[in-house]
Structures are given as structure tokens and as C-alpha cells.
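Peer 1: Input model-v2.txt, format and content: compact mmCIF, C-alpha atoms.
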```
# COMPACT_ATOMS: atom_id res chain seq x y z
CA MET A 1371 -24.92 -61.81 8.23
CA ASN A 1372 -25.20 -63.92 11.34
CA ALA A 1373 -21.75 -65.21 12.40
CA GLN A 1374 -23.16 -68.66 13.19
CA LYS A 1375 -24.45 -68.98 9.62
CA LEU A 1376 -21.04 -67.94 8.32
CA LEU A 1377 -19.44 -70.60 10.48
CA GLU A 1378 -21.79 -73.27 9.11
CA LEU A 1379 -20.67 -72.36 5.64
CA ALA A 1380 -16.97 -72.12 6.48
CA ASP A 1381 -17.01 -75.39 8.45
CA ASP A 1382 -18.71 -77.19 5.54
CA GLU A 1383 -16.03 -75.99 3.13
CA LEU A 1384 -13.12 -76.70 5.47
CA ILE A 1385 -14.21 -80.21 6.40
CA LEU A 1386 -15.17 -81.16 2.85
CA GLY A 1387 -11.84 -79.79 1.60
CA TRP A 1388 -10.12 -81.85 4.27
CA ARG A 1389 -12.02 -85.03 3.40
CA ASN A 1390 -11.44 -84.59 -0.34
CA SER A 1391 -7.75 -84.03 0.25
CA GLU A 1392 -7.59 -87.53 1.75
CA TRP A 1393 -7.61 -88.67 -1.89
CA THR A 1394 -4.36 -86.90 -2.69
CA GLY A 1395 -1.94 -89.52 -3.92
CA ILE A 1396 -4.49 -92.35 -4.04
CA ALA A 1397 -7.15 -91.20 -6.52
CA PRO A 1398 -8.15 -93.72 -9.23
CA LEU A 1399 -5.99 -91.99 -11.86
CA LEU A 1400 -3.22 -89.46 -11.77
CA GLU A 1401 -5.06 -86.68 -13.60
CA GLU A 1402 -8.01 -87.08 -11.27
CA ASP A 1403 -5.65 -86.94 -8.32
CA VAL A 1404 -4.47 -83.50 -9.43
CA ALA A 1405 -7.99 -82.27 -10.24
CA PHE A 1406 -9.61 -83.51 -7.05
CA SER A 1407 -6.78 -82.22 -4.87
CA SER A 1408 -7.12 -78.85 -6.54
CA ILE A 1409 -10.84 -78.81 -5.79
CA ALA A 1410 -10.08 -79.70 -2.18
CA GLN A 1411 -7.66 -76.82 -1.97
CA ASN A 1412 -10.23 -74.43 -3.44
CA GLU A 1413 -12.76 -75.49 -0.80
CA ILE A 1414 -10.28 -74.77 1.96
CA GLY A 1415 -9.62 -71.38 0.34
CA HIS A 1416 -13.35 -70.64 0.42
CA ALA A 1417 -13.45 -71.69 4.06
CA ARG A 1418 -10.69 -69.21 4.84
CA ALA A 1419 -12.59 -66.38 3.17
CA TRP A 1420 -15.79 -67.15 5.13
CA TYR A 1421 -13.84 -67.59 8.40
CA GLU A 1422 -12.27 -64.16 7.88
CA LEU A 1423 -15.71 -62.55 7.66
CA ALA A 1424 -16.90 -64.46 10.72
CA ALA A 1425 -13.70 -63.65 12.60
CA ARG A 1426 -14.25 -59.92 12.17
CA GLU A 1427 -17.73 -60.21 13.63
CA LEU A 1428 -16.55 -62.38 16.49
CA GLY A 1429 -13.33 -60.48 17.21
CA THR A 1430 -11.00 -63.41 16.50
CA THR A 1431 -8.94 -64.77 13.59
CA ALA A 1432 -9.66 -67.21 10.78
CA ASP A 1433 -7.01 -69.64 12.07
CA GLU A 1434 -8.46 -69.68 15.55
CA LEU A 1435 -11.91 -70.40 14.16
CA ALA A 1436 -10.62 -73.12 11.86
CA PHE A 1437 -8.31 -74.92 14.27
CA ASP A 1438 -8.78 -73.82 17.88
CA ARG A 1439 -12.40 -74.68 18.53
CA GLN A 1440 -13.55 -77.78 20.39
CA PRO A 1441 -14.98 -80.58 18.22
CA ASP A 1442 -18.55 -79.97 19.39
CA GLU A 1443 -18.34 -76.33 18.27
CA TYR A 1444 -18.02 -77.23 14.59
CA ARG A 1445 -21.29 -76.68 12.78
CA CYS A 1446 -20.59 -78.61 9.59
CA SER A 1447 -23.13 -80.85 7.92
CA THR A 1448 -23.06 -84.60 8.48
CA LEU A 1449 -22.55 -85.02 4.73
CA VAL A 1450 -19.05 -83.53 4.77
CA GLN A 1451 -17.91 -85.30 7.92
CA LEU A 1452 -18.10 -88.85 6.56
CA ARG A 1453 -14.81 -90.50 5.78
CA LEU A 1454 -15.39 -92.08 2.36
CA VAL A 1455 -11.88 -93.18 1.33
CA PRO A 1456 -11.41 -95.61 -0.45
CA ASP A 1457 -14.94 -95.61 -1.93
CA TRP A 1458 -14.78 -93.50 -5.08
CA ALA A 1459 -18.46 -93.95 -6.02
CA ARG A 1460 -19.61 -92.57 -2.65
CA THR A 1461 -17.02 -89.80 -2.81
CA ILE A 1462 -18.31 -88.65 -6.18
CA ALA A 1463 -21.90 -88.98 -4.95
CA ARG A 1464 -21.09 -86.71 -2.01
CA HIS A 1465 -19.33 -84.29 -4.35
CA CYS A 1466 -22.48 -84.14 -6.53
CA VAL A 1467 -24.88 -83.80 -3.60
CA TYR A 1468 -22.72 -81.11 -2.01
CA GLU A 1469 -22.22 -79.08 -5.16
CA ARG A 1470 -25.94 -79.09 -5.95
CA SER A 1471 -26.97 -78.04 -2.45
CA ASP A 1472 -24.13 -75.54 -2.19
CA GLN A 1473 -25.18 -73.96 -5.49
CA ALA A 1474 -28.63 -73.12 -4.08
CA ARG A 1475 -27.02 -71.72 -0.93
CA ILE A 1476 -24.52 -69.60 -2.87
CA GLU A 1477 -27.29 -68.29 -5.15
CA ALA A 1478 -29.19 -67.06 -2.10
CA LEU A 1479 -26.03 -65.48 -0.62
CA LYS A 1480 -25.39 -63.59 -3.85
CA GLN A 1481 -28.67 -61.75 -3.13
CA SER A 1482 -27.61 -60.91 0.41
CA GLU A 1483 -28.14 -57.34 1.63
CA ASP A 1484 -24.65 -57.49 3.10
CA ALA A 1485 -22.55 -56.32 0.15
CA GLU A 1486 -19.45 -58.09 1.41
CA VAL A 1487 -21.24 -61.42 1.71
CA ALA A 1488 -22.87 -60.99 -1.71
CA GLY A 1489 -19.51 -60.09 -3.28
CA LEU A 1490 -17.70 -63.03 -1.74
CA ALA A 1491 -20.51 -65.40 -2.74
CA ALA A 1492 -20.24 -64.20 -6.35
CA LYS A 1493 -16.49 -64.65 -6.34
CA ILE A 1494 -16.69 -68.14 -4.86
CA ASP A 1495 -19.47 -69.05 -7.26
CA ARG A 1496 -17.19 -68.41 -10.24
CA GLU A 1497 -14.78 -71.03 -8.89
CA GLU A 1498 -17.57 -73.41 -7.87
CA ALA A 1499 -18.72 -73.42 -11.49
CA TYR A 1500 -15.71 -75.63 -12.28
CA HIS A 1501 -16.42 -77.89 -9.32
CA ARG A 1502 -19.96 -78.32 -10.59
CA MET A 1503 -18.67 -79.11 -14.08
CA HIS A 1504 -16.38 -81.72 -12.57
CA ALA A 1505 -19.21 -83.20 -10.48
CA GLU A 1506 -21.58 -83.29 -13.44
CA MET A 1507 -19.15 -85.03 -15.78
CA TRP A 1508 -18.53 -87.73 -13.20
CA SER A 1509 -22.21 -88.11 -12.44
CA GLU A 1510 -22.89 -88.54 -16.17
CA ARG A 1511 -20.20 -91.21 -16.33
CA LEU A 1512 -21.34 -93.13 -13.26
CA LYS A 1513 -25.09 -92.71 -13.67
CA ASP A 1514 -25.70 -96.35 -14.60
CA GLU A 1515 -23.53 -97.69 -11.83
CA PRO A 1516 -25.73 -99.08 -9.03
CA ARG A 1517 -23.16 -98.28 -6.33
CA PHE A 1518 -23.30 -94.65 -7.39
CA SER A 1519 -27.12 -94.42 -7.40
CA ALA A 1520 -27.28 -96.11 -4.00
CA ALA A 1521 -24.73 -93.66 -2.63
CA LEU A 1522 -26.69 -90.68 -3.98
CA GLU A 1523 -29.80 -91.96 -2.26
CA GLU A 1524 -27.91 -92.52 0.98
CA LEU A 1525 -26.18 -89.14 1.03
CA GLU A 1526 -28.79 -86.74 -0.38
CA PRO A 1527 -30.69 -86.27 2.90
CA LEU A 1528 -27.52 -85.53 4.89
CA PHE A 1529 -26.66 -82.02 3.67
CA ASP A 1530 -29.13 -80.38 6.05
CA VAL A 1531 -28.30 -82.58 9.04
CA ARG A 1532 -26.22 -80.66 11.54
CA ASP A 1533 -27.41 -81.78 14.94
CA GLU A 1534 -24.61 -84.12 15.82
CA HIS A 1535 -21.23 -85.32 14.68
CA VAL A 1536 -20.55 -88.71 13.14
CA PRO A 1537 -18.08 -90.85 15.13
CA GLU A 1538 -15.22 -90.45 12.63
CA PHE A 1539 -15.31 -86.66 13.00
CA ALA A 1540 -13.33 -87.00 16.25
CA ALA A 1541 -10.34 -88.51 14.44
CA LEU A 1542 -10.49 -85.83 11.76
CA TRP A 1543 -10.46 -83.09 14.39
CA GLU A 1544 -7.55 -84.77 16.23
CA GLU A 1545 -5.43 -84.81 13.12
CA MET A 1546 -6.53 -81.45 11.73
CA THR A 1547 -5.72 -79.55 14.92
CA MET A 1548 -2.72 -81.64 16.00
CA VAL A 1549 0.00 -79.23 14.94
CA ARG A 1550 -1.76 -76.17 16.35
CA ARG A 1551 -2.28 -77.94 19.66
CA SER A 1552 1.33 -79.17 19.79
CA VAL A 1553 2.63 -75.61 20.18
CA ALA A 1554 -0.30 -73.66 21.55
CA GLY A 1555 -0.16 -69.94 20.88
CA ALA A 1556 2.83 -70.17 18.54
CA THR A 1557 3.15 -67.74 15.68
CA TRP A 1558 4.17 -69.38 12.42
CA MET B 1164 -7.17 -92.10 -24.20
CA ILE B 1165 -4.34 -89.60 -24.47
CA TYR B 1166 -5.03 -85.96 -25.29
CA GLU B 1167 -2.29 -83.56 -26.27
CA VAL B 1168 -2.52 -80.13 -24.73
CA PHE B 1169 -1.17 -76.92 -26.20
CA ARG B 1170 -1.15 -73.69 -24.30
CA GLN B 1171 -0.93 -70.02 -25.10
CA GLU B 1172 0.91 -68.00 -22.52
CA ARG B 1173 -0.20 -64.54 -23.63
CA LYS B 1174 -2.87 -63.37 -26.01
CA GLY B 1175 -1.58 -63.23 -29.58
CA GLN B 1176 1.31 -65.61 -28.91
CA ALA B 1177 1.75 -68.93 -30.67
CA PHE B 1178 0.46 -72.04 -28.92
CA ALA B 1179 3.16 -74.38 -27.70
CA HIS B 1180 2.91 -78.01 -26.68
CA ALA B 1181 2.35 -78.16 -22.92
CA GLY B 1182 2.08 -81.90 -22.32
CA SER B 1183 -0.63 -84.51 -22.34
CA VAL B 1184 -3.45 -85.78 -20.16
CA GLU B 1185 -5.07 -89.18 -19.97
CA ALA B 1186 -8.85 -89.00 -19.90
CA PRO B 1187 -11.81 -91.21 -20.88
CA ASN B 1188 -13.41 -88.52 -23.09
CA GLU B 1189 -13.14 -84.93 -24.25
CA GLU B 1190 -15.06 -83.52 -21.32
CA PHE B 1191 -12.72 -85.12 -18.79
CA ALA B 1192 -9.74 -84.09 -20.90
CA GLU B 1193 -10.91 -80.49 -20.73
CA ALA B 1194 -11.32 -80.57 -16.97
CA TYR B 1195 -7.95 -82.22 -16.45
CA ALA B 1196 -6.15 -79.89 -18.87
CA ARG B 1197 -7.65 -76.92 -17.05
CA GLU B 1198 -6.26 -78.22 -13.77
CA GLN B 1199 -2.83 -79.23 -15.04
CA TYR B 1200 -2.07 -76.37 -17.39
CA GLY B 1201 -4.36 -73.51 -16.42
CA ARG B 1202 -5.05 -73.25 -12.75
CA ARG B 1203 -2.03 -71.12 -11.88
CA GLY B 1204 -2.90 -68.45 -14.43
CA GLU B 1205 -0.08 -69.68 -16.68
CA SER B 1206 -2.27 -69.89 -19.80
CA THR B 1207 -4.67 -67.59 -21.58
CA ALA B 1208 -6.00 -70.42 -23.75
CA LEU B 1209 -5.58 -74.15 -24.29
CA TRP B 1210 -5.96 -76.42 -27.31
CA ILE B 1211 -6.82 -80.02 -26.58
CA ALA B 1212 -6.66 -82.72 -29.24
CA PRO B 1213 -6.78 -86.51 -29.14
CA ARG B 1214 -3.30 -87.84 -29.87
CA GLU B 1215 -4.62 -89.81 -32.88
CA ALA B 1216 -5.84 -86.57 -34.44
CA LEU B 1217 -2.28 -85.34 -34.79
CA HIS B 1218 -0.35 -86.37 -37.88
CA GLU B 1219 3.27 -86.85 -37.21
CA ILE B 1220 5.95 -86.63 -39.88
CA GLU B 1221 9.43 -87.63 -38.96
CA ASP B 1222 11.07 -88.83 -42.17
CA PHE B 1223 12.92 -86.08 -43.97
CA VAL B 1224 14.81 -87.52 -46.94
CA ASP B 1225 17.88 -85.73 -48.27
CA GLU B 1226 19.59 -88.37 -50.40
CA LEU B 1227 21.48 -85.87 -52.53
CA GLY B 1228 22.76 -83.77 -49.66
CA ARG B 1229 21.14 -80.59 -50.89
CA ASN B 1230 22.52 -78.46 -48.14
CA TYR B 1231 21.53 -75.25 -49.97
CA HIS B 1232 17.99 -75.93 -48.65
CA ARG B 1233 19.21 -75.37 -45.16
CA VAL B 1234 20.18 -72.19 -43.38
CA ASP B 1235 23.47 -73.76 -42.43
CA GLY B 1236 24.14 -74.61 -46.12
CA TYR B 1237 25.84 -71.28 -46.72
CA PRO B 1238 28.67 -70.73 -44.30
CA LEU B 1239 29.17 -66.97 -44.65
CA LYS B 1240 32.21 -66.47 -42.50
CA GLU B 1241 34.78 -67.46 -45.13
CA LYS B 1242 32.97 -65.69 -47.94
CA LEU B 1243 32.75 -62.48 -45.95
CA GLY B 1244 36.44 -62.72 -45.10
CA ARG B 1245 37.35 -63.06 -48.75
CA ALA B 1246 35.05 -60.18 -49.72
CA ARG B 1247 36.70 -57.97 -47.12
CA GLU B 1248 40.13 -58.88 -48.44
CA ARG B 1249 39.08 -57.98 -51.97
CA ALA B 1250 37.63 -54.67 -50.81
CA GLU B 1251 40.82 -53.78 -48.98
CA ALA B 1252 42.97 -54.72 -51.97
CA ALA B 1253 40.76 -52.56 -54.20
CA ARG B 1254 41.10 -49.58 -51.84
CA ALA B 1255 44.90 -49.97 -51.73
CA ARG B 1256 45.13 -49.67 -55.48
```
Mind converting the file's structure to C-alpha cells?

Peer 2:
Amino acid sequence: MNAQKLLELADDELILGWRNSEWTGIAPLLEEDVAFSSIAQNEIGHARAWYELAARELGTTADELAFDRQPDEYRCSTLVQLRLVPDWARTIARHCVYERSDQARIEALKQSEDAEVAGLAAKIDREEAYHRMHAEMWSERLKDEPRFSAALEELEPLFDVRDEHVPEFAALWEEMTMVRRSVAGATW
Amino acid sequence: MIYEVFRQERKGQAFAHAGSVEAPNEEFAEAYAREQYGRRGESTALWIAPREALHEIEDFVDELGRNYHRVDGYPLKEKLGRARERAEAARAR
């Protein structure tokens, strides 16, 4: 599989995981805090797995791909870049939009001729099933809430938009790569 | 709403109370219980029940002090000692 496509996928998962983890400690209720943080962690785990495949093709490492690229090299969708804290309705809307679009993408990857890609997609899909369950139960609960419907409408078209970064992506990149940049080339 | 969560550590073992989760309905309770008590592979199964569904009994009346109902009602140490003494005396005869 094309390394650039793998990077798209990995970047989506890393940045979404990062954005979702901004809710850790401030989610609307404690149980949700734990659940949403766990989902965020899973997404970052998926990113690592995709980065490792890409890294082998590109002759680098997962860490370098995740943290040592310049901001304009990240190929993630506009949808995952948006900073939505403290708007829970929009956060859940993004979660729903992402999980639905990601499901179609993962389904296609499971049919990949590359056995490694197909295997990884199947493995990730088994974990995503719980994310989808979580997204669906929230969407059921918020479906009559106008803020939620408006957010769905706003965010749905953004999954396939990858041509440029939203302004708040710069601050995310600054923070996400801060430690790596502070001691360049260090081994941890 | 509070849901009580019970977890089974290994197949075949008894379920033990794990803790509780607060959730608006059963579906949320299931998702939250999964995250809190299952995501580290620490459980093979969970039981989730609304707290109101559990019947608690905490009054155990024993007005007459019937200690023979309890395992600690028969202190055996002294009795065994006496039995041993009798056995030894019998052997000596």
C-alpha cells in the first residue's frame, strides 16, 4: 500500500486521538471521562500501528513520522484538526462522523491485497466496533438536540477535506512535538 | 442512575462485586463498565444491574444468642485438649 495513504490514515488517528484526549479530566461526567480517554488512547495506538507500516516503506521510524515532520507534511483530514473543547455536542458529532467514515475506509482496507494491511485493518476494526457502539449510543441520546444536528451538518463534509490545515492545527503541532524538539535526537 | 458491576476474573469462577458506574441508561452503563472493569483484560465477563434491582438485607436478629448456628459457636481447642487427656489416661491404665 502507498505510504502516503498510510500516512493519511495514521495522521487522522493520531490527531483525532490527540484532540479527544483534550477532554481528559474535563468530560461532562467521570465515567465518560474514562471512556473517552480510553478511546483517544486506542486511536493513538492505531496511529502507531499504521506509522510502523509506513515507516518500513519509507525507511524511518514511527516516532519520527508522528513527531518529527513539519506541520505542512501532516496529511490529516480537516475534521480531526478542529479544536472542539469545550463543546461536547460538536465533539460527539465529530466522533460520529469520523467513526462512520472510518468504518467504510477500514472495510475497504480489510479487502486489501497487502496481507499485512488487511490483517491490521481487521484487528483495528475489532476495537473500532466499541468506538462505533459508543458513538451510536451518544448519537441516539443527542438526536433531538438541535446543537447536535447542526454540528453533524457542519462536520459531515469535512472528513474528505485534506488540502489545507485549519489555523488551530499550528498550536496542536507546537504542543505535540514540543518535548521531541526540546532534546532533538535524544533516545528515551 | 447507579449500576452495580460484578466481574468474573476467570471462566468458571464466581462473580465478585467490582464497583459501580453512573450512567443514564443500560446501554451507557454497559459501555462504561466495559471501560472501567474490562479494558485491561482483567475480566472474562461482567454482570451489570441497576442498584435498585438489588435487594439488600442487613438485619440479622439473634435475640437468644444461638451461637451454635455459627462456626465460631463450637470452640474446639478446649474440647480437643480434654479428649487428648482422656485418651492418654486410658492408655496409661

Peer 1: Could you work out which residues of chain A fall inside 7 Å of chain B? Count all atoms listed in the file, and format the result as a ChimeraX atom specification.

Peer 2: /A:1401,1405,1504

Peer 1: Which neighbours of region 1533-1544 of chain A fall inside 8 Å, counting only C-alpha atoms, when residues of the same chain fewer than 6 positions from it are skipped, and could you give them as a ChimeraX atom specification?

Peer 2: /A:1441-1442,1448,1451-1453

Peer 1: With distances taken over only C-alpha atoms, which residue among A:Leu1454, A:Val1553, A:Val1487, A:Ile1385 lies nearest Glu1422 (chain A)?

Peer 2: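 Going through A:Leu1454, A:Val1553, A:Val1487, A:Ile1385 one by one, the smallest distance to Glu1422 (chain A) is for A:Val1487.
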
Peer 1: Identify, on the basis of only C-alpha atoms, every residue whose closest approach to Glu1497 (chain A) does not exceed 10 Å; exclude the query and any residue fewer than 3 positions from it along the same chain; express the result as a count of residues only.

Peer 2: 10

Peer 1: Using all atoms listed in the file, which residue out of A:Thr1547, A:Ser1509, A:Ser1447, A:Gln1473 lies closest to Glu1378 (chain A)?

Peer 2: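 Among A:Thr1547, A:Ser1509, A:Ser1447, A:Gln1473, it is A:Ser1447 that comes nearest to Glu1378 (chain A).
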
Peer 1: Which residue is closest to Asp1472 (chain A)? Choose from A:Asp1382, A:Glu1515, A:Asp1433, A:Glu1402 and count only C-alpha atoms.

Peer 2: A:Asp1382

Peer 1: Please compute the CA of Leu1377 (chain A)-CA of Ala1556 (chain A) distance, one decimal, in Å.

Peer 2: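 Spanning CA of Leu1377 (chain A) to CA of Ala1556 (chain A) is a straight-line distance of 23.7 Å.
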
Peer 1: Write out as an NGL selection string each polymer residue whose atoms come within 10 Å of Ser1183 (chain B), counting all atoms listed in the file; drop sequence neighbours fewer than 5 positions from it.

Peer 2: :B and (1165-1169 or 1192 or 1195-1196 or 1199-1200 or 1211-1214)

Peer 1: Report the distance between CA of Met1164 (chain B) and CA of Ala1216 (chain B) in Å, rounded to one decimal place.

Peer 2: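 Computing it gives 11.7 Å between the two atoms.
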
Peer 1: Near Thr1207 (chain B), counting all atoms listed in the file, which residues have an atom at most 7 Å away, once you skip same-chain residues fewer than 4 positions from it, shown as a ChimeraX atom specification?

Peer 2: /B:1171-1174

Peer 1: Given only C-alpha atoms as the basis, pick out the residue of A:Trp1420, A:Trp1458, A:Phe1437, A:Phe1518 nearest to Ala1397 (chain A).

Peer 2: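 Counting only C-alpha atoms, the residue closest to Ala1397 (chain A) is A:Trp1458.
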
Peer 1: To one decimal place in Å, what is the distance between CA of Glu1383 (chain A) and CA of Ala1425 (chain A)?

Peer 2: 15.7 Å

Peer 1: Please report, as JSON, the centre and edge lengths in Å to one decimal of an axis-aligned box covering all listed atoms of region 1196-1202 of chain B with 5 Å per side.

Peer 2:
```
{"center_x": -4.9, "center_y": -76.6, "center_z": -15.8, "size_x": 15.6, "size_y": 16.6, "size_z": 16.1}
```

Peer 1: Keeping N, CA, C and O atoms, write region 1523-1539 of chain A of the structure just shown out as a compact mmCIF listing (two decimals), in the first residue's frame.

Peer 2:
```txt
# COMPACT_ATOMS: atom_id res chain seq x y z
N GLU A 1523 -24.28 18.45 10.60
CA GLU A 1523 -24.37 19.05 9.28
C GLU A 1523 -23.09 19.81 8.93
O GLU A 1523 -22.58 19.75 7.82
N GLU A 1524 -22.57 20.49 9.95
CA GLU A 1524 -21.35 21.29 9.76
C GLU A 1524 -20.14 20.39 9.47
O GLU A 1524 -19.30 20.69 8.63
N LEU A 1525 -20.06 19.26 10.20
CA LEU A 1525 -18.82 18.49 10.20
C LEU A 1525 -18.78 17.38 9.14
O LEU A 1525 -17.71 16.98 8.70
N GLU A 1526 -19.98 16.91 8.73
CA GLU A 1526 -20.02 15.79 7.79
C GLU A 1526 -19.15 15.99 6.55
O GLU A 1526 -18.44 15.07 6.14
N PRO A 1527 -19.18 17.16 5.92
CA PRO A 1527 -18.41 17.29 4.67
C PRO A 1527 -16.89 17.36 4.88
O PRO A 1527 -16.14 17.34 3.92
N LEU A 1528 -16.44 17.43 6.13
CA LEU A 1528 -15.02 17.73 6.36
C LEU A 1528 -14.09 16.52 6.36
O LEU A 1528 -12.87 16.67 6.30
N PHE A 1529 -14.65 15.32 6.44
CA PHE A 1529 -13.78 14.13 6.53
C PHE A 1529 -12.85 14.02 5.32
O PHE A 1529 -11.69 13.65 5.46
N ASP A 1530 -13.37 14.36 4.14
CA ASP A 1530 -12.56 14.18 2.93
C ASP A 1530 -11.75 15.42 2.55
O ASP A 1530 -11.12 15.46 1.51
N VAL A 1531 -11.79 16.45 3.42
CA VAL A 1531 -11.04 17.67 3.10
C VAL A 1531 -9.64 17.57 3.68
O VAL A 1531 -9.47 17.45 4.90
N ARG A 1532 -8.64 17.59 2.82
CA ARG A 1532 -7.26 17.45 3.28
C ARG A 1532 -6.33 18.46 2.65
O ARG A 1532 -5.12 18.35 2.74
N ASP A 1533 -6.87 19.45 1.98
CA ASP A 1533 -5.98 20.32 1.21
C ASP A 1533 -5.21 21.33 2.07
O ASP A 1533 -4.11 21.71 1.73
N GLU A 1534 -5.82 21.77 3.14
CA GLU A 1534 -5.03 22.68 3.98
C GLU A 1534 -5.36 22.52 5.45
O GLU A 1534 -6.35 21.90 5.81
N HIS A 1535 -4.49 23.07 6.28
CA HIS A 1535 -4.69 22.94 7.72
C HIS A 1535 -5.52 24.08 8.28
O HIS A 1535 -5.41 25.21 7.80
N VAL A 1536 -6.33 23.78 9.29
CA VAL A 1536 -7.07 24.85 9.97
C VAL A 1536 -6.09 25.60 10.87
O VAL A 1536 -5.07 25.03 11.27
N PRO A 1537 -6.39 26.87 11.17
CA PRO A 1537 -5.41 27.68 11.93
C PRO A 1537 -4.99 27.04 13.25
O PRO A 1537 -3.81 27.11 13.63
N GLU A 1538 -5.94 26.38 13.97
CA GLU A 1538 -5.56 25.86 15.29
C GLU A 1538 -4.67 24.61 15.22
O GLU A 1538 -4.20 24.14 16.25
N PHE A 1539 -4.42 24.11 14.00
CA PHE A 1539 -3.53 22.95 13.90
C PHE A 1539 -2.10 23.33 14.32
O PHE A 1539 -1.37 22.51 14.89
```
